[in-house]
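Student: Input file: target34.tsv. Contents: TSV, C-alpha atoms (C1' of nucleotides).
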chain	number	residue	atom	x	y	z
A	222	MET	CA	3.12	7.56	-21.93
A	223	ASN	CA	0.92	6.12	-19.21
A	224	TYR	CA	1.80	5.30	-15.64
A	225	TRP	CA	0.81	2.32	-13.56
A	226	LEU	CA	1.35	0.67	-10.23
A	227	VAL	CA	1.74	-3.02	-9.54
A	228	LYS	CA	1.75	-4.72	-6.18
A	229	SER	CA	3.75	-7.68	-5.10
A	230	GLU	CA	4.56	-9.31	-1.83
A	231	PRO	CA	8.33	-8.97	-1.41
A	232	GLU	CA	8.48	-12.49	-0.02
A	233	GLU	CA	6.97	-13.76	-3.25
A	234	PHE	CA	8.61	-11.50	-5.76
A	235	GLY	CA	10.10	-8.21	-4.63
A	236	TYR	CA	11.84	-5.44	-6.47
A	237	ASP	CA	15.22	-7.03	-5.83
A	238	ASP	CA	13.94	-10.17	-7.54
A	239	LEU	CA	12.98	-8.06	-10.54
A	240	GLU	CA	16.47	-6.55	-10.60
A	241	LYS	CA	18.03	-9.98	-10.42
A	242	ALA	CA	15.79	-11.32	-13.14
A	243	GLU	CA	16.36	-8.24	-15.33
A	244	LYS	CA	13.01	-8.99	-16.95
A	245	SER	CA	9.96	-10.70	-15.58
A	246	MET	CA	6.66	-11.97	-16.88
A	247	TRP	CA	3.94	-10.46	-14.68
A	248	GLU	CA	1.96	-13.64	-14.29
A	249	GLY	CA	-0.93	-14.82	-12.23
A	250	VAL	CA	-3.27	-11.83	-12.34
A	251	ARG	CA	-6.76	-13.27	-11.88
A	252	ASN	CA	-8.88	-10.21	-11.52
A	253	TYR	CA	-10.67	-8.69	-14.48
A	254	GLN	CA	-10.03	-5.09	-13.61
A	255	ALA	CA	-6.36	-5.78	-13.06
A	256	ARG	CA	-6.20	-7.79	-16.28
A	257	ASN	CA	-7.79	-4.99	-18.24
A	258	ASN	CA	-5.22	-2.62	-16.82
A	259	LEU	CA	-2.45	-4.98	-17.95
A	260	ARG	CA	-3.97	-4.99	-21.42
A	261	ALA	CA	-4.03	-1.21	-21.50
A	262	MET	CA	-0.28	-0.99	-20.91
A	263	ALA	CA	1.94	0.05	-23.78
A	264	GLU	CA	5.58	-0.75	-24.30
A	265	GLY	CA	7.66	1.85	-22.48
A	266	ASP	CA	5.01	2.75	-19.91
A	267	GLN	CA	6.41	3.26	-16.43
A	268	VAL	CA	5.25	1.18	-13.51
A	269	LEU	CA	5.59	1.92	-9.83
A	270	PHE	CA	6.52	-1.18	-7.87
A	271	TYR	CA	4.75	-1.51	-4.53
A	272	HIS	CA	5.53	-3.99	-1.78
A	273	SER	CA	2.34	-5.27	-0.15
A	274	ARG	CA	1.95	-7.13	3.14
A	275	GLN	CA	5.57	-6.44	4.02
A	276	GLY	CA	7.11	-3.06	3.50
A	277	LEU	CA	3.93	-1.31	2.39
A	278	GLU	CA	5.88	1.09	0.25
A	279	ILE	CA	6.68	1.96	-3.31
A	280	VAL	CA	10.27	0.93	-3.76
A	281	GLY	CA	11.10	1.46	-7.39
A	282	ILE	CA	10.19	1.99	-10.99
A	283	ALA	CA	9.79	-0.65	-13.66
A	284	LYS	CA	8.84	-0.39	-17.29
A	285	VAL	CA	6.75	-2.38	-19.69
A	286	VAL	CA	9.00	-4.17	-22.16
A	287	THR	CA	6.37	-6.41	-23.76
A	288	GLU	CA	2.71	-5.56	-24.12
A	289	ALA	CA	-0.03	-7.92	-22.98
A	290	TYR	CA	-0.07	-11.48	-24.27
A	291	PRO	CA	-1.91	-14.60	-23.04
A	292	ASP	CA	-0.88	-15.83	-19.60
A	293	PRO	CA	0.79	-19.22	-20.14
A	294	THR	CA	0.21	-20.10	-16.47
A	295	ALA	CA	-3.57	-19.82	-16.83
A	296	GLU	CA	-5.14	-23.26	-17.05
A	297	LYS	CA	-8.46	-21.83	-18.06
A	298	GLY	CA	-9.96	-18.46	-18.72
A	299	ASP	CA	-8.83	-15.44	-20.63
A	300	TRP	CA	-5.89	-13.93	-18.77
A	301	SER	CA	-2.98	-11.77	-19.76
A	302	VAL	CA	0.56	-10.96	-18.73
A	303	VAL	CA	3.05	-8.26	-19.61
A	304	ASP	CA	6.83	-8.33	-19.29
A	305	LEU	CA	8.40	-5.87	-16.88
A	306	ALA	CA	11.99	-4.79	-16.46
A	307	PRO	CA	13.50	-2.77	-13.60
A	308	VAL	CA	14.37	0.88	-14.24
A	309	ARG	CA	15.66	2.13	-10.91
A	310	ARG	CA	14.94	2.17	-7.23
A	311	LEU	CA	13.57	5.32	-5.68
A	312	LYS	CA	16.14	7.17	-3.60
A	313	GLN	CA	13.77	6.70	-0.72
A	314	ALA	CA	10.82	4.35	-0.66
A	315	VAL	CA	7.43	6.05	-0.46
A	316	SER	CA	5.31	4.47	2.24
A	317	LEU	CA	1.59	3.88	2.15
A	318	GLN	CA	1.32	6.14	5.20
A	319	GLU	CA	2.95	9.02	3.36
A	320	ILE	CA	0.67	8.46	0.39
A	321	LYS	CA	-2.39	8.40	2.61
A	322	SER	CA	-1.31	11.61	4.30
A	323	ARG	CA	-1.33	13.50	0.98
A	324	GLU	CA	-4.61	15.09	0.05
A	325	GLU	CA	-3.63	15.02	-3.64
A	326	LEU	CA	-3.35	11.25	-3.50
A	327	GLU	CA	-6.66	10.52	-1.81
A	328	GLU	CA	-8.19	9.33	-5.06
A	329	LEU	CA	-5.39	6.92	-5.80
A	330	GLY	CA	-6.45	3.33	-6.37
A	331	LEU	CA	-3.96	2.24	-3.76
A	332	VAL	CA	-5.97	4.16	-1.19
A	333	ARG	CA	-9.47	3.71	-2.57
A	334	ASN	CA	-9.30	0.06	-3.53
A	335	PRO	CA	-6.38	-1.48	-1.71
A	336	ARG	CA	-7.08	-4.90	-3.16
A	337	LEU	CA	-6.56	-4.05	-6.80
A	338	SER	CA	-3.15	-5.35	-7.82
A	339	VAL	CA	-2.62	-3.46	-11.09
A	340	MET	CA	-3.86	0.10	-11.40
A	341	PRO	CA	-3.39	3.25	-13.44
A	342	ILE	CA	-1.66	6.24	-11.85
A	343	PRO	CA	-2.52	9.72	-13.07
A	344	ASP	CA	0.32	11.78	-14.45
A	345	GLU	CA	0.36	14.33	-11.63
A	346	ALA	CA	0.20	11.64	-8.97
A	347	TYR	CA	3.11	9.84	-10.59
A	348	GLN	CA	5.23	12.98	-10.64
A	349	LEU	CA	4.36	13.72	-7.02
A	350	ILE	CA	5.26	10.21	-5.89
A	351	LEU	CA	8.62	10.44	-7.64
A	352	LYS	CA	9.25	13.73	-5.89
A	353	MET	CA	8.33	12.14	-2.56
A	354	GLY	CA	10.79	9.42	-3.43
A	355	GLY	CA	13.60	11.94	-3.66
A	356	GLU	CA	13.76	12.20	-7.45
B	109	DG	C1'	-30.97	-12.60	-11.93
B	110	DC	C1'	-30.59	-12.41	-6.96
B	111	DC	C1'	-27.99	-13.09	-3.05
B	112	DA	C1'	-25.79	-16.11	0.49
B	113	DA	C1'	-21.64	-18.47	1.04
B	114	DC	C1'	-17.11	-18.86	0.23
B	115	DG	C1'	-12.21	-17.59	-1.02
B	116	DT	C1'	-8.63	-14.17	-1.40
B	117	DT	C1'	-6.20	-10.00	-0.56
B	118	DG	C1'	-3.77	-6.97	2.20
B	119	DG	C1'	-3.69	-3.41	6.04
B	120	DC	C1'	-3.40	-3.54	10.68
C	40	DG	C1'	-2.67	-13.87	12.71
C	41	DC	C1'	-6.97	-11.50	12.34
C	42	DC	C1'	-10.57	-9.80	9.87
C	43	DA	C1'	-12.83	-6.32	6.72
C	44	DA	C1'	-13.62	-5.60	2.02
C	45	DC	C1'	-14.13	-7.20	-2.23
C	46	DG	C1'	-14.86	-10.61	-6.05
C	47	DT	C1'	-16.66	-14.93	-7.54
C	48	DT	C1'	-19.54	-18.92	-7.41
C	49	DG	C1'	-23.61	-21.45	-7.44
C	50	DG	C1'	-28.30	-22.71	-5.68
C	51	DC	C1'	-32.72	-21.24	-6.18
As structure tokens, what does this structure read like?

Tutor:
Amino acid sequence: MNYWLVKSEPEEFGYDDLEKAEKSMWEGVRNYQARNNLRAMAEGDQVLFYHSRQGLEIVGIAKVVTEAYPDPTAEKGDWSVVDLAPVRRLKQAVSLQEIKSREELEELGLVRNPRLSVMPIPDEAYQLILKMGGE
DNA sequence: GCCAACGTTGGC
DNA sequence: GCCAACGTTGGC
């Protein structure tokens, strides 16, 4: 299984919206690197859900329920979406500050390229973040 | 194919 | 709300 992280502004679509929706098409990614990451996701992969702009913390875990398919909201170009479903909230959200303060997480995409909206998370980093989240 | 200009993202 | 960093666009 692979691990990922997606970012969303809670005002636009936060983790509570995902819980309410039960399942959500992850639409609107218009960055090639992020798109390629979407395409690399497999059904069942786990996805950390990060709140950008407001919150600045990882609030919960989602999972991939449908692998990449063409983005129906794309008017032109070759874009993809996956379907995500909520798994559970972290007992405590893991803030960007905490992540930045961890030497082991220095290489994380979230720190190195804060503008990438879909990124892979190495196994060890994933486990550490869950631990930081009180799991 | 280079690079300046522009648009967008997201931390602060 | 500002602005730095990054990606994309388009003129040459």

Student: Quick one: contact table of chain C to chain A, 9 Å max, nearest atom pair and distance in Å to one decimal per residue, counting only C-alpha atoms (C1' of nucleotides), chain and number order, as a tab-separated table?

Tutor:
residue	atom	partner	partner_atom	distance
C:DA44	C1'	A:Arg336	CA	8.4
C:DC45	C1'	A:Arg336	CA	7.5
C:DG46	C1'	A:Asn252	CA	8.1

Student: Mind checking which residues fall within 10 Å of Ala261 of chain A, counting all atoms listed in the file, ignoring those fewer than 6 positions away in the same chain, and posting them as a ChimeraX atom specification?

Tutor: /A:223,225,255,288-289,341

Student: Would you compute the distance between atom CA of Leu349 of chain A and atom CA of Gly330 of chain A? Give it in Å to one decimal.

Tutor: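 Rounded to one decimal, the two atoms are 15.0 Å apart.
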
Student: In Å, rounded to a single decimal, give me how far atom CA of Ile279 of chain A is from atom CA of Asp299 of chain A.

Tutor: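 Separation of atom CA of Asp299 of chain A and atom CA of Ile279 of chain A: 29.0 Å.
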
Student: Would you compute the distance between atom CA of Lys228 of chain A and atom CA of Lys297 of chain A? Give it in Å to one decimal.

Tutor: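 Pair atom CA of Lys228 of chain A / atom CA of Lys297 of chain A returns 23.2 Å.
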
Student: Neighbouring residues of segment 268-272 of chain A were defined as those with any atom within 6 Å, considering all atoms listed in the file; residues of the same chain fewer than 3 positions away were excluded. Please report them as a PyMOL selection string.

Tutor: chain A and resi 224-231+276-284
